[in-house]
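Listing of structure29.cif, mmCIF, N, CA and C atoms and all ligand atoms
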```
data_data
loop_
_atom_site.label_atom_id
_atom_site.label_comp_id
_atom_site.auth_asym_id
_atom_site.auth_seq_id
_atom_site.Cartn_x
_atom_site.Cartn_y
_atom_site.Cartn_z
N MET A 92 24.92 124.70 45.65
CA MET A 92 25.92 124.06 44.80
C MET A 92 26.39 122.76 45.47
N ARG A 93 26.66 121.75 44.64
CA ARG A 93 27.19 120.49 45.17
C ARG A 93 28.72 120.58 45.18
N ILE A 94 29.31 120.48 46.35
CA ILE A 94 30.75 120.69 46.49
C ILE A 94 31.40 119.46 47.11
N ALA A 95 32.42 118.93 46.42
CA ALA A 95 33.22 117.84 46.97
C ALA A 95 34.39 118.44 47.74
N LEU A 96 34.66 117.89 48.91
CA LEU A 96 35.66 118.45 49.82
C LEU A 96 36.55 117.35 50.34
N GLY A 97 37.86 117.58 50.33
CA GLY A 97 38.78 116.56 50.86
C GLY A 97 40.09 117.18 51.29
N SER A 98 40.78 116.46 52.17
CA SER A 98 42.08 116.93 52.64
C SER A 98 42.91 115.75 53.12
N ASP A 99 44.20 116.02 53.33
CA ASP A 99 45.01 115.07 54.10
C ASP A 99 45.04 115.55 55.55
N HIS A 100 45.90 114.91 56.34
CA HIS A 100 45.95 115.24 57.77
C HIS A 100 46.36 116.70 58.02
N ALA A 101 47.30 117.19 57.18
CA ALA A 101 47.78 118.57 57.37
C ALA A 101 46.70 119.59 57.02
N GLY A 102 45.80 119.20 56.16
CA GLY A 102 44.71 120.10 55.78
C GLY A 102 43.46 119.90 56.59
N PHE A 103 43.46 118.86 57.45
CA PHE A 103 42.23 118.50 58.17
C PHE A 103 41.61 119.64 58.98
N PRO A 104 42.38 120.36 59.80
CA PRO A 104 41.72 121.42 60.59
C PRO A 104 41.04 122.47 59.71
N LEU A 105 41.71 122.90 58.63
CA LEU A 105 41.08 123.90 57.77
C LEU A 105 39.89 123.29 57.02
N LYS A 106 40.01 122.02 56.63
CA LYS A 106 38.88 121.37 55.96
C LYS A 106 37.64 121.37 56.84
N GLU A 107 37.83 121.12 58.12
CA GLU A 107 36.68 121.10 59.02
C GLU A 107 36.01 122.48 59.07
N HIS A 108 36.82 123.52 59.08
CA HIS A 108 36.26 124.88 59.06
C HIS A 108 35.55 125.13 57.74
N VAL A 109 36.19 124.72 56.65
CA VAL A 109 35.60 124.94 55.32
C VAL A 109 34.25 124.24 55.21
N ARG A 110 34.17 123.02 55.70
CA ARG A 110 32.90 122.29 55.60
C ARG A 110 31.78 123.03 56.34
N ALA A 111 32.07 123.46 57.55
CA ALA A 111 31.06 124.19 58.32
C ALA A 111 30.67 125.49 57.62
N TYR A 112 31.67 126.16 57.05
CA TYR A 112 31.39 127.43 56.36
C TYR A 112 30.49 127.20 55.15
N LEU A 113 30.83 126.19 54.36
CA LEU A 113 30.06 125.94 53.13
C LEU A 113 28.65 125.45 53.45
N VAL A 114 28.52 124.59 54.43
CA VAL A 114 27.18 124.11 54.84
C VAL A 114 26.35 125.29 55.34
N GLY A 115 27.01 126.18 56.07
CA GLY A 115 26.31 127.37 56.59
C GLY A 115 25.80 128.28 55.48
N LEU A 116 26.49 128.24 54.33
CA LEU A 116 26.05 129.03 53.17
C LEU A 116 24.95 128.32 52.39
N GLY A 117 24.66 127.07 52.79
CA GLY A 117 23.59 126.34 52.12
C GLY A 117 24.04 125.38 51.05
N HIS A 118 25.34 125.17 50.93
CA HIS A 118 25.84 124.25 49.90
C HIS A 118 25.67 122.79 50.34
N ASP A 119 25.61 121.92 49.35
CA ASP A 119 25.51 120.47 49.55
C ASP A 119 26.94 119.91 49.48
N VAL A 120 27.52 119.62 50.64
CA VAL A 120 28.94 119.26 50.72
C VAL A 120 29.11 117.75 50.90
N THR A 121 29.93 117.16 50.03
CA THR A 121 30.34 115.76 50.19
C THR A 121 31.78 115.75 50.70
N ASP A 122 31.98 115.31 51.93
CA ASP A 122 33.30 115.28 52.56
C ASP A 122 33.89 113.88 52.39
N VAL A 123 34.93 113.78 51.54
CA VAL A 123 35.52 112.46 51.26
C VAL A 123 36.63 112.11 52.26
N GLY A 124 36.84 112.95 53.27
CA GLY A 124 37.88 112.69 54.26
C GLY A 124 39.13 113.49 53.93
N THR A 125 40.12 113.35 54.72
CA THR A 125 40.30 112.49 55.84
C THR A 125 39.51 113.02 57.04
N TYR A 126 39.39 112.17 58.04
CA TYR A 126 38.51 112.52 59.16
C TYR A 126 39.25 112.70 60.48
N SER A 127 40.58 112.82 60.42
CA SER A 127 41.36 113.06 61.64
C SER A 127 42.73 113.60 61.23
N GLU A 128 43.55 113.90 62.21
CA GLU A 128 44.91 114.38 61.92
C GLU A 128 45.92 113.24 61.89
N GLU A 129 45.45 112.02 61.83
CA GLU A 129 46.35 110.86 61.66
C GLU A 129 46.96 110.92 60.26
N SER A 130 48.26 110.66 60.19
CA SER A 130 48.97 110.79 58.92
C SER A 130 48.35 109.93 57.82
N CYS A 131 48.22 110.53 56.64
CA CYS A 131 47.64 109.82 55.49
C CYS A 131 48.26 110.41 54.22
N ASP A 132 47.80 109.96 53.07
CA ASP A 132 48.42 110.33 51.80
C ASP A 132 47.50 111.22 50.98
N TYR A 133 47.96 112.45 50.71
CA TYR A 133 47.09 113.43 50.01
C TYR A 133 46.60 112.98 48.64
N PRO A 134 47.34 112.15 47.87
CA PRO A 134 46.79 111.77 46.55
C PRO A 134 45.44 111.06 46.64
N ASP A 135 45.21 110.31 47.71
CA ASP A 135 43.94 109.57 47.84
C ASP A 135 42.76 110.54 47.87
N PHE A 136 42.92 111.66 48.53
CA PHE A 136 41.81 112.58 48.73
C PHE A 136 41.69 113.57 47.56
N GLY A 137 42.83 113.93 46.97
CA GLY A 137 42.78 114.74 45.75
C GLY A 137 42.08 113.99 44.64
N ALA A 138 42.38 112.71 44.52
CA ALA A 138 41.75 111.88 43.49
C ALA A 138 40.26 111.72 43.76
N ALA A 139 39.88 111.49 45.00
CA ALA A 139 38.47 111.28 45.33
C ALA A 139 37.64 112.53 45.00
N VAL A 140 38.16 113.69 45.32
CA VAL A 140 37.45 114.93 44.98
C VAL A 140 37.43 115.10 43.46
N GLY A 141 38.56 114.85 42.82
CA GLY A 141 38.62 115.01 41.38
C GLY A 141 37.62 114.14 40.64
N VAL A 142 37.47 112.90 41.08
CA VAL A 142 36.54 111.98 40.43
C VAL A 142 35.10 112.49 40.57
N LEU A 143 34.74 113.00 41.73
CA LEU A 143 33.38 113.51 41.92
C LEU A 143 33.10 114.72 41.02
N VAL A 144 34.11 115.57 40.86
CA VAL A 144 33.92 116.75 40.00
C VAL A 144 33.90 116.33 38.53
N ALA A 145 34.83 115.51 38.13
CA ALA A 145 34.92 115.12 36.72
C ALA A 145 33.69 114.33 36.28
N SER A 146 33.11 113.57 37.18
CA SER A 146 31.93 112.75 36.84
C SER A 146 30.65 113.58 36.81
N GLY A 147 30.72 114.79 37.33
CA GLY A 147 29.53 115.63 37.39
C GLY A 147 28.71 115.43 38.65
N GLU A 148 29.17 114.56 39.54
CA GLU A 148 28.44 114.37 40.82
C GLU A 148 28.61 115.58 41.73
N ALA A 149 29.66 116.34 41.51
CA ALA A 149 29.86 117.60 42.23
C ALA A 149 30.09 118.71 41.20
N ASP A 150 29.63 119.91 41.55
CA ASP A 150 29.80 121.06 40.65
C ASP A 150 31.20 121.64 40.77
N LYS A 151 31.72 121.64 41.98
CA LYS A 151 33.05 122.18 42.24
C LYS A 151 33.71 121.34 43.33
N GLY A 152 35.03 121.47 43.44
CA GLY A 152 35.76 120.76 44.47
C GLY A 152 36.64 121.70 45.27
N VAL A 153 36.85 121.33 46.52
CA VAL A 153 37.78 122.05 47.40
C VAL A 153 38.70 121.00 48.02
N VAL A 154 40.02 121.19 47.88
CA VAL A 154 40.97 120.28 48.48
C VAL A 154 41.92 121.07 49.37
N VAL A 155 42.42 120.42 50.40
CA VAL A 155 43.32 121.08 51.35
C VAL A 155 44.43 120.10 51.74
N CYS A 156 45.68 120.54 51.63
CA CYS A 156 46.79 119.81 52.25
C CYS A 156 47.67 120.86 52.93
N GLY A 157 48.86 120.49 53.38
CA GLY A 157 49.66 121.47 54.10
C GLY A 157 49.98 122.69 53.27
N SER A 158 50.45 122.46 52.05
CA SER A 158 50.84 123.54 51.16
C SER A 158 49.81 123.85 50.10
N GLY A 159 48.85 122.99 49.92
CA GLY A 159 47.89 123.12 48.81
C GLY A 159 48.46 122.64 47.49
N LEU A 160 49.69 122.16 47.50
CA LEU A 160 50.37 121.82 46.25
C LEU A 160 50.18 120.36 45.86
N GLY A 161 50.59 119.46 46.74
CA GLY A 161 50.53 118.04 46.39
C GLY A 161 49.13 117.57 46.04
N ILE A 162 48.17 118.02 46.82
CA ILE A 162 46.80 117.53 46.61
C ILE A 162 46.22 118.11 45.31
N SER A 163 46.68 119.29 44.91
CA SER A 163 46.22 119.84 43.62
C SER A 163 46.85 119.08 42.46
N ILE A 164 48.10 118.70 42.61
CA ILE A 164 48.75 117.90 41.56
C ILE A 164 47.99 116.60 41.37
N ALA A 165 47.63 115.96 42.49
CA ALA A 165 46.89 114.69 42.40
C ALA A 165 45.53 114.89 41.75
N ALA A 166 44.80 115.91 42.17
CA ALA A 166 43.47 116.15 41.60
C ALA A 166 43.56 116.39 40.10
N ASN A 167 44.63 117.07 39.68
CA ASN A 167 44.79 117.39 38.26
C ASN A 167 45.09 116.17 37.40
N LYS A 168 45.40 115.05 38.01
CA LYS A 168 45.63 113.82 37.23
C LYS A 168 44.32 113.18 36.79
N VAL A 169 43.20 113.64 37.33
CA VAL A 169 41.89 113.13 36.92
C VAL A 169 41.44 113.93 35.70
N ARG A 170 41.14 113.23 34.63
CA ARG A 170 40.75 113.89 33.38
C ARG A 170 39.54 114.80 33.61
N GLY A 171 39.65 116.04 33.16
CA GLY A 171 38.55 116.98 33.29
C GLY A 171 38.69 117.91 34.48
N VAL A 172 39.67 117.64 35.33
CA VAL A 172 39.87 118.49 36.51
C VAL A 172 40.86 119.61 36.17
N ARG A 173 40.50 120.81 36.59
CA ARG A 173 41.42 121.95 36.54
C ARG A 173 41.50 122.49 37.97
N ALA A 174 42.48 121.97 38.71
CA ALA A 174 42.65 122.33 40.11
C ALA A 174 43.74 123.39 40.24
N VAL A 175 43.48 124.38 41.09
CA VAL A 175 44.42 125.49 41.24
C VAL A 175 44.72 125.75 42.71
N PRO A 176 46.01 125.75 43.08
CA PRO A 176 46.37 126.18 44.43
C PRO A 176 46.38 127.71 44.46
N VAL A 177 45.61 128.31 45.33
CA VAL A 177 45.55 129.77 45.39
C VAL A 177 45.74 130.24 46.82
N MET A 178 46.32 131.44 46.94
CA MET A 178 46.64 131.99 48.25
C MET A 178 45.76 133.17 48.64
N ASP A 179 44.99 133.70 47.68
CA ASP A 179 44.12 134.83 48.04
C ASP A 179 42.92 134.88 47.10
N ALA A 180 41.98 135.76 47.44
CA ALA A 180 40.73 135.82 46.70
C ALA A 180 40.93 136.27 45.26
N GLU A 181 41.89 137.15 45.03
CA GLU A 181 42.11 137.63 43.67
C GLU A 181 42.58 136.50 42.76
N MET A 182 43.45 135.64 43.27
CA MET A 182 43.88 134.49 42.46
C MET A 182 42.72 133.56 42.19
N ALA A 183 41.87 133.38 43.20
CA ALA A 183 40.70 132.51 43.02
C ALA A 183 39.77 133.07 41.95
N GLU A 184 39.59 134.38 41.97
CA GLU A 184 38.73 135.01 40.96
C GLU A 184 39.32 134.84 39.56
N MET A 185 40.62 135.04 39.43
CA MET A 185 41.24 134.89 38.11
C MET A 185 41.18 133.44 37.63
N ALA A 186 41.33 132.52 38.56
CA ALA A 186 41.27 131.09 38.18
C ALA A 186 39.90 130.72 37.64
N ARG A 187 38.86 131.36 38.12
CA ARG A 187 37.51 131.13 37.59
C ARG A 187 37.33 131.89 36.28
N ARG A 188 37.67 133.17 36.24
CA ARG A 188 37.40 134.00 35.06
C ARG A 188 38.18 133.53 33.84
N HIS A 189 39.44 133.18 34.03
CA HIS A 189 40.29 132.87 32.88
C HIS A 189 40.51 131.37 32.67
N ASN A 190 40.54 130.59 33.73
CA ASN A 190 40.92 129.18 33.60
C ASN A 190 39.77 128.21 33.78
N ASP A 191 38.60 128.71 34.12
CA ASP A 191 37.44 127.85 34.40
C ASP A 191 37.82 126.73 35.38
N ALA A 192 38.60 127.11 36.40
CA ALA A 192 39.03 126.12 37.39
C ALA A 192 37.80 125.51 38.08
N ASN A 193 37.84 124.20 38.26
CA ASN A 193 36.71 123.53 38.91
C ASN A 193 37.06 122.94 40.28
N VAL A 194 38.33 123.03 40.66
CA VAL A 194 38.75 122.62 42.01
C VAL A 194 39.70 123.69 42.55
N VAL A 195 39.47 124.14 43.76
CA VAL A 195 40.39 125.08 44.40
C VAL A 195 41.13 124.36 45.52
N SER A 196 42.42 124.65 45.61
CA SER A 196 43.27 123.97 46.58
C SER A 196 43.81 124.98 47.59
N LEU A 197 43.65 124.66 48.86
CA LEU A 197 44.04 125.55 49.95
C LEU A 197 45.22 124.98 50.72
N ALA A 198 46.07 125.90 51.22
CA ALA A 198 47.24 125.52 52.01
C ALA A 198 46.90 125.60 53.49
N GLY A 199 46.63 124.47 54.08
CA GLY A 199 46.19 124.46 55.47
C GLY A 199 47.20 125.02 56.44
N ARG A 200 48.48 124.93 56.08
CA ARG A 200 49.53 125.41 56.99
C ARG A 200 49.84 126.89 56.81
N TYR A 201 49.28 127.52 55.80
CA TYR A 201 49.62 128.91 55.48
C TYR A 201 48.42 129.84 55.37
N VAL A 202 47.24 129.28 55.18
CA VAL A 202 46.05 130.10 54.96
C VAL A 202 45.13 129.98 56.16
N GLY A 203 44.80 131.12 56.77
CA GLY A 203 43.90 131.13 57.92
C GLY A 203 42.45 131.03 57.50
N THR A 204 41.59 130.91 58.50
CA THR A 204 40.18 130.67 58.20
C THR A 204 39.52 131.85 57.48
N ALA A 205 39.87 133.08 57.87
CA ALA A 205 39.23 134.24 57.24
C ALA A 205 39.64 134.32 55.77
N ARG A 206 40.91 134.08 55.48
CA ARG A 206 41.36 134.15 54.08
C ARG A 206 40.76 133.00 53.28
N ALA A 207 40.67 131.83 53.91
CA ALA A 207 40.04 130.70 53.22
C ALA A 207 38.60 131.05 52.83
N GLU A 208 37.89 131.69 53.72
CA GLU A 208 36.49 132.06 53.41
C GLU A 208 36.45 133.04 52.24
N SER A 209 37.37 133.99 52.21
CA SER A 209 37.36 134.97 51.11
C SER A 209 37.72 134.28 49.80
N ILE A 210 38.64 133.33 49.86
CA ILE A 210 38.99 132.56 48.66
C ILE A 210 37.78 131.78 48.16
N LEU A 211 37.08 131.13 49.07
CA LEU A 211 35.91 130.33 48.68
C LEU A 211 34.81 131.22 48.12
N ASP A 212 34.59 132.36 48.74
CA ASP A 212 33.56 133.29 48.24
C ASP A 212 33.86 133.65 46.78
N ALA A 213 35.10 134.00 46.51
CA ALA A 213 35.47 134.39 45.15
C ALA A 213 35.36 133.21 44.19
N PHE A 214 35.84 132.07 44.62
CA PHE A 214 35.86 130.90 43.74
C PHE A 214 34.45 130.45 43.38
N LEU A 215 33.55 130.51 44.33
CA LEU A 215 32.21 129.95 44.11
C LEU A 215 31.24 130.94 43.48
N THR A 216 31.60 132.20 43.40
CA THR A 216 30.65 133.18 42.84
C THR A 216 31.12 133.79 41.52
N THR A 217 32.35 133.52 41.11
CA THR A 217 32.87 134.12 39.89
C THR A 217 32.62 133.20 38.70
N GLU A 218 32.09 133.79 37.62
CA GLU A 218 31.81 133.01 36.41
C GLU A 218 33.02 133.01 35.47
N PHE A 219 33.11 131.96 34.68
CA PHE A 219 34.11 131.86 33.61
C PHE A 219 33.74 132.86 32.51
N GLU A 220 34.75 133.57 32.00
CA GLU A 220 34.48 134.59 30.98
C GLU A 220 34.26 134.03 29.59
N GLY A 221 34.79 132.82 29.33
CA GLY A 221 34.66 132.24 27.99
C GLY A 221 35.45 133.05 26.97
N GLY A 222 34.95 133.12 25.74
CA GLY A 222 35.64 133.86 24.69
C GLY A 222 37.03 133.30 24.42
N ARG A 223 38.04 134.17 24.40
CA ARG A 223 39.40 133.72 24.11
C ARG A 223 39.89 132.74 25.17
N HIS A 224 39.34 132.85 26.37
CA HIS A 224 39.75 131.94 27.44
C HIS A 224 39.21 130.53 27.20
N GLN A 225 38.07 130.42 26.54
CA GLN A 225 37.54 129.09 26.20
C GLN A 225 38.50 128.37 25.25
N ARG A 226 39.03 129.10 24.29
CA ARG A 226 39.97 128.49 23.33
C ARG A 226 41.17 127.93 24.09
N ARG A 227 41.64 128.66 25.08
CA ARG A 227 42.83 128.23 25.83
C ARG A 227 42.52 127.03 26.72
N VAL A 228 41.34 127.06 27.34
CA VAL A 228 40.94 125.92 28.17
C VAL A 228 40.75 124.69 27.29
N ASP A 229 40.21 124.89 26.08
CA ASP A 229 40.05 123.77 25.15
C ASP A 229 41.41 123.16 24.81
N LYS A 230 42.44 123.99 24.74
CA LYS A 230 43.78 123.46 24.45
C LYS A 230 44.32 122.64 25.62
N ILE A 231 43.94 123.01 26.83
CA ILE A 231 44.31 122.19 28.00
C ILE A 231 43.62 120.84 27.91
N THR A 232 42.34 120.88 27.58
CA THR A 232 41.59 119.62 27.45
C THR A 232 42.19 118.74 26.36
N ALA A 233 42.62 119.36 25.28
CA ALA A 233 43.23 118.60 24.19
C ALA A 233 44.49 117.87 24.67
N LEU A 234 45.22 118.49 25.58
CA LEU A 234 46.42 117.84 26.11
C LEU A 234 46.07 116.54 26.84
N GLU A 235 44.90 116.52 27.48
CA GLU A 235 44.47 115.30 28.19
C GLU A 235 44.26 114.15 27.22
N ASP A 236 43.89 114.49 25.98
CA ASP A 236 43.61 113.48 24.98
C ASP A 236 44.83 113.17 24.12
N GLY A 237 45.97 113.76 24.46
CA GLY A 237 47.17 113.56 23.66
C GLY A 237 47.15 114.33 22.36
N ARG A 238 46.19 115.27 22.23
CA ARG A 238 46.14 116.12 21.04
C ARG A 238 46.89 117.41 21.36
N GLN A 239 47.85 117.78 20.55
CA GLN A 239 48.62 119.01 20.82
C GLN A 239 48.73 119.86 19.58
C1 LIG B 301 52.21 116.52 54.57
O1 LIG B 301 53.26 116.61 55.48
C2 LIG B 301 52.45 117.46 53.40
O2 LIG B 301 53.51 117.01 52.63
C3 LIG B 301 51.21 117.61 52.55
O3 LIG B 301 50.15 118.04 53.34
C4 LIG B 301 51.30 118.60 51.42
O4 LIG B 301 51.79 119.84 51.86
C5 LIG B 301 51.97 118.12 50.20
O5 LIG B 301 52.03 118.81 49.17
#
```

Write the structure described by the file as structure tokens, please.
Ligand code: RB5
Amino acid sequence: MRIALGSDHAGFPLKEHVRAYLVGLGHDVTDVGTYSEESCDYPDFGAAVGVLVASGEADKGVVVCGSGLGISIAANKVRGVRAVPVMDAEMAEMARRHNDANVVSLAGRYVGTARAESILDAFLTTEFEGGRHQRRVDKITALEDGRQ
């Protein structure tokens, strides 16, 4: 799978672990940065990941900041992105099954490496259920177009 990956400084240590984990699983990872723990702005990296996913250059995205919140808000400003901050594998599974989430957001300051791996496993292997959930996701997409 082609995976876009990005973080701010607070998410950098976990992002580095995530990249190694995903590459080890055989995924094609595009790391948009940041590349150190020097202070930076999470919207830049949430947007960069979001653009790669929305354009189809990446199949899925992974973003990391301190809380997983700000960077998910930024990614969600890119049309076509459904980014979800999740704290465990069950939430990641539900975000795929019901919401067809295409970007998962991790809290670098709260989520350890083992839990991050379990979240990624669930997020990357769970299929969208479609059906009634497709209708609901279509309504989210309609909001992007100003159709309500
Ligand atoms: C950086 O200090 C922190 O605000 C950021 O990583 C993130 O948690 C924002 O939502």

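Using all atoms listed in the file, we find that the residues with an atom at most 6.5 Å from any atom of ligand LIG 301 (chain B) are A:Asp99, A:His100, A:Ala101, A:Gly102, A:Tyr133, A:Val155, A:Cys156, A:Gly157, A:Ser158, A:Gly159, A:Leu160, A:Gly161, A:Ile162.
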
Next, write the just-selected residues to a file, as a CSV table (one decimal), in the coordinates of the input, keeping N, CA and C atoms as the atom set.
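Printed below is selection.csv as written:
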```csv
chain,number,residue,atom,x,y,z
A,99,ASP,N,44.2,116.0,53.3
A,99,ASP,CA,45.0,115.1,54.1
A,99,ASP,C,45.0,115.6,55.6
A,100,HIS,N,45.9,114.9,56.3
A,100,HIS,CA,46.0,115.2,57.8
A,100,HIS,C,46.4,116.7,58.0
A,101,ALA,N,47.3,117.2,57.2
A,101,ALA,CA,47.8,118.6,57.4
A,101,ALA,C,46.7,119.6,57.0
A,102,GLY,N,45.8,119.2,56.2
A,102,GLY,CA,44.7,120.1,55.8
A,102,GLY,C,43.5,119.9,56.6
A,133,TYR,N,48.0,112.4,50.7
A,133,TYR,CA,47.1,113.4,50.0
A,133,TYR,C,46.6,113.0,48.6
A,155,VAL,N,42.4,120.4,50.4
A,155,VAL,CA,43.3,121.1,51.4
A,155,VAL,C,44.4,120.1,51.7
A,156,CYS,N,45.7,120.5,51.6
A,156,CYS,CA,46.8,119.8,52.2
A,156,CYS,C,47.7,120.9,52.9
A,157,GLY,N,48.9,120.5,53.4
A,157,GLY,CA,49.7,121.5,54.1
A,157,GLY,C,50.0,122.7,53.3
A,158,SER,N,50.4,122.5,52.0
A,158,SER,CA,50.8,123.5,51.2
A,158,SER,C,49.8,123.8,50.1
A,159,GLY,N,48.8,123.0,49.9
A,159,GLY,CA,47.9,123.1,48.8
A,159,GLY,C,48.5,122.6,47.5
A,160,LEU,N,49.7,122.2,47.5
A,160,LEU,CA,50.4,121.8,46.2
A,160,LEU,C,50.2,120.4,45.9
A,161,GLY,N,50.6,119.5,46.7
A,161,GLY,CA,50.5,118.0,46.4
A,161,GLY,C,49.1,117.6,46.0
A,162,ILE,N,48.2,118.0,46.8
A,162,ILE,CA,46.8,117.5,46.6
A,162,ILE,C,46.2,118.1,45.3
```

Taking the chain letters and numbering used in this document, name the residues of chain A that DSSP puts in strand (DSSP E), as a list in words.
Arg93, Ile94, Ala95, Leu96, Gly97, Ser98, Asp119, Val120, Thr121, Asp122, Lys151, Gly152, Val153, Val154, Val155, Cys156, Ala174, Val175, Pro176, Val194, Val195, Ser196, Leu197 and Ala198 of chain A

Nearest to Arg187 in chain A among A:His108, A:Lys168, A:Phe219, A:Val202, with distances taken over only N, CA and C atoms: which residue is it?
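So, comparing all the options, the nearest one is A:Phe219.
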
In terms of all atoms listed in the file, the residue from A:Ala111, A:Cys131, A:Val140, A:Ala213 at minimal distance from Ile94 in chain A is A:Val140

Test item, alpha helix (DSSP H) assignment across range 94-148 of chain A, answer as a PyMOL selection string:
chain A and resi 103-115+133-145

With N, CA and C atoms kept, could you save the residues just selected as a CSV table (one decimal), keeping the file's coordinate frame?
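What landed in part22.csv:
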```
chain,number,residue,atom,x,y,z
A,103,PHE,N,43.5,118.9,57.4
A,103,PHE,CA,42.2,118.5,58.2
A,103,PHE,C,41.6,119.6,59.0
A,104,PRO,N,42.4,120.4,59.8
A,104,PRO,CA,41.7,121.4,60.6
A,104,PRO,C,41.0,122.5,59.7
A,105,LEU,N,41.7,122.9,58.6
A,105,LEU,CA,41.1,123.9,57.8
A,105,LEU,C,39.9,123.3,57.0
A,106,LYS,N,40.0,122.0,56.6
A,106,LYS,CA,38.9,121.4,56.0
A,106,LYS,C,37.6,121.4,56.8
A,107,GLU,N,37.8,121.1,58.1
A,107,GLU,CA,36.7,121.1,59.0
A,107,GLU,C,36.0,122.5,59.1
A,108,HIS,N,36.8,123.5,59.1
A,108,HIS,CA,36.3,124.9,59.1
A,108,HIS,C,35.6,125.1,57.7
A,109,VAL,N,36.2,124.7,56.6
A,109,VAL,CA,35.6,124.9,55.3
A,109,VAL,C,34.2,124.2,55.2
A,110,ARG,N,34.2,123.0,55.7
A,110,ARG,CA,32.9,122.3,55.6
A,110,ARG,C,31.8,123.0,56.3
A,111,ALA,N,32.1,123.5,57.6
A,111,ALA,CA,31.1,124.2,58.3
A,111,ALA,C,30.7,125.5,57.6
A,112,TYR,N,31.7,126.2,57.0
A,112,TYR,CA,31.4,127.4,56.4
A,112,TYR,C,30.5,127.2,55.2
A,113,LEU,N,30.8,126.2,54.4
A,113,LEU,CA,30.1,125.9,53.1
A,113,LEU,C,28.6,125.4,53.4
A,114,VAL,N,28.5,124.6,54.4
A,114,VAL,CA,27.2,124.1,54.8
A,114,VAL,C,26.4,125.3,55.3
A,115,GLY,N,27.0,126.2,56.1
A,115,GLY,CA,26.3,127.4,56.6
A,115,GLY,C,25.8,128.3,55.5
A,133,TYR,N,48.0,112.4,50.7
A,133,TYR,CA,47.1,113.4,50.0
A,133,TYR,C,46.6,113.0,48.6
A,134,PRO,N,47.3,112.2,47.9
A,134,PRO,CA,46.8,111.8,46.6
A,134,PRO,C,45.4,111.1,46.6
A,135,ASP,N,45.2,110.3,47.7
A,135,ASP,CA,43.9,109.6,47.8
A,135,ASP,C,42.8,110.5,47.9
A,136,PHE,N,42.9,111.7,48.5
A,136,PHE,CA,41.8,112.6,48.7
A,136,PHE,C,41.7,113.6,47.6
A,137,GLY,N,42.8,113.9,47.0
A,137,GLY,CA,42.8,114.7,45.8
A,137,GLY,C,42.1,114.0,44.6
A,138,ALA,N,42.4,112.7,44.5
A,138,ALA,CA,41.8,111.9,43.5
A,138,ALA,C,40.3,111.7,43.8
A,139,ALA,N,39.9,111.5,45.0
A,139,ALA,CA,38.5,111.3,45.3
A,139,ALA,C,37.6,112.5,45.0
A,140,VAL,N,38.2,113.7,45.3
A,140,VAL,CA,37.4,114.9,45.0
A,140,VAL,C,37.4,115.1,43.5
A,141,GLY,N,38.6,114.8,42.8
A,141,GLY,CA,38.6,115.0,41.4
A,141,GLY,C,37.6,114.1,40.6
A,142,VAL,N,37.5,112.9,41.1
A,142,VAL,CA,36.5,112.0,40.4
A,142,VAL,C,35.1,112.5,40.6
A,143,LEU,N,34.7,113.0,41.7
A,143,LEU,CA,33.4,113.5,41.9
A,143,LEU,C,33.1,114.7,41.0
A,144,VAL,N,34.1,115.6,40.9
A,144,VAL,CA,33.9,116.8,40.0
A,144,VAL,C,33.9,116.3,38.5
A,145,ALA,N,34.8,115.5,38.1
A,145,ALA,CA,34.9,115.1,36.7
A,145,ALA,C,33.7,114.3,36.3
```

What does the distance from CA of Glu218 in chain A to CA of Ala183 in chain A come to in Å, to one decimal?
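Interatomic distance, CA of Glu218 in chain A to CA of Ala183 in chain A: 11.1 Å.
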
Atom N of Val172 in chain A to atom N of Ser146 in chain A, straight-line distance in Å
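Value for the atom N of Ser146 in chain A-atom N of Val172 in chain A distance: 7.9 Å.
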
Find the distance between atom C of Pro176 in chain A and atom N of Ser196 in chain A and write it in Å to one decimal.
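Between atom C of Pro176 in chain A and atom N of Ser196 in chain A the gap works out to 5.1 Å.
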
Each side padded by 6 Å, which centre and which edge lengths in Å (one decimal) define the axis-aligned box around the listed atoms of range 160-171 of chain A? Give them as lines of an AutoDock Vina configuration file.
```
center_x = 44.6
center_y = 117.6
center_z = 40.3
size_x = 24.0
size_y = 21.0
size_z = 26.3
```

Taking (39.3, 112.4, 34.8) in the file's own coordinates, collect the residues within 8 Å, counting all atoms listed in the file, and hand them back as a CSV table (one decimal) with N, CA and C atoms, in the coordinates of the input.
```csv
chain,number,residue,atom,x,y,z
A,141,GLY,N,38.6,114.8,42.8
A,141,GLY,CA,38.6,115.0,41.4
A,141,GLY,C,37.6,114.1,40.6
A,142,VAL,N,37.5,112.9,41.1
A,142,VAL,CA,36.5,112.0,40.4
A,142,VAL,C,35.1,112.5,40.6
A,144,VAL,N,34.1,115.6,40.9
A,144,VAL,CA,33.9,116.8,40.0
A,144,VAL,C,33.9,116.3,38.5
A,145,ALA,N,34.8,115.5,38.1
A,145,ALA,CA,34.9,115.1,36.7
A,145,ALA,C,33.7,114.3,36.3
A,146,SER,N,33.1,113.6,37.2
A,146,SER,CA,31.9,112.8,36.8
A,146,SER,C,30.6,113.6,36.8
A,166,ALA,N,44.8,115.9,42.2
A,166,ALA,CA,43.5,116.2,41.6
A,166,ALA,C,43.6,116.4,40.1
A,167,ASN,N,44.6,117.1,39.7
A,167,ASN,CA,44.8,117.4,38.3
A,167,ASN,C,45.1,116.2,37.4
A,168,LYS,N,45.4,115.0,38.0
A,168,LYS,CA,45.6,113.8,37.2
A,168,LYS,C,44.3,113.2,36.8
A,169,VAL,N,43.2,113.6,37.3
A,169,VAL,CA,41.9,113.1,36.9
A,169,VAL,C,41.4,113.9,35.7
A,170,ARG,N,41.1,113.2,34.6
A,170,ARG,CA,40.8,113.9,33.4
A,170,ARG,C,39.5,114.8,33.6
A,171,GLY,N,39.6,116.0,33.2
A,171,GLY,CA,38.6,117.0,33.3
A,171,GLY,C,38.7,117.9,34.5
A,172,VAL,N,39.7,117.6,35.3
A,172,VAL,CA,39.9,118.5,36.5
A,172,VAL,C,40.9,119.6,36.2
```
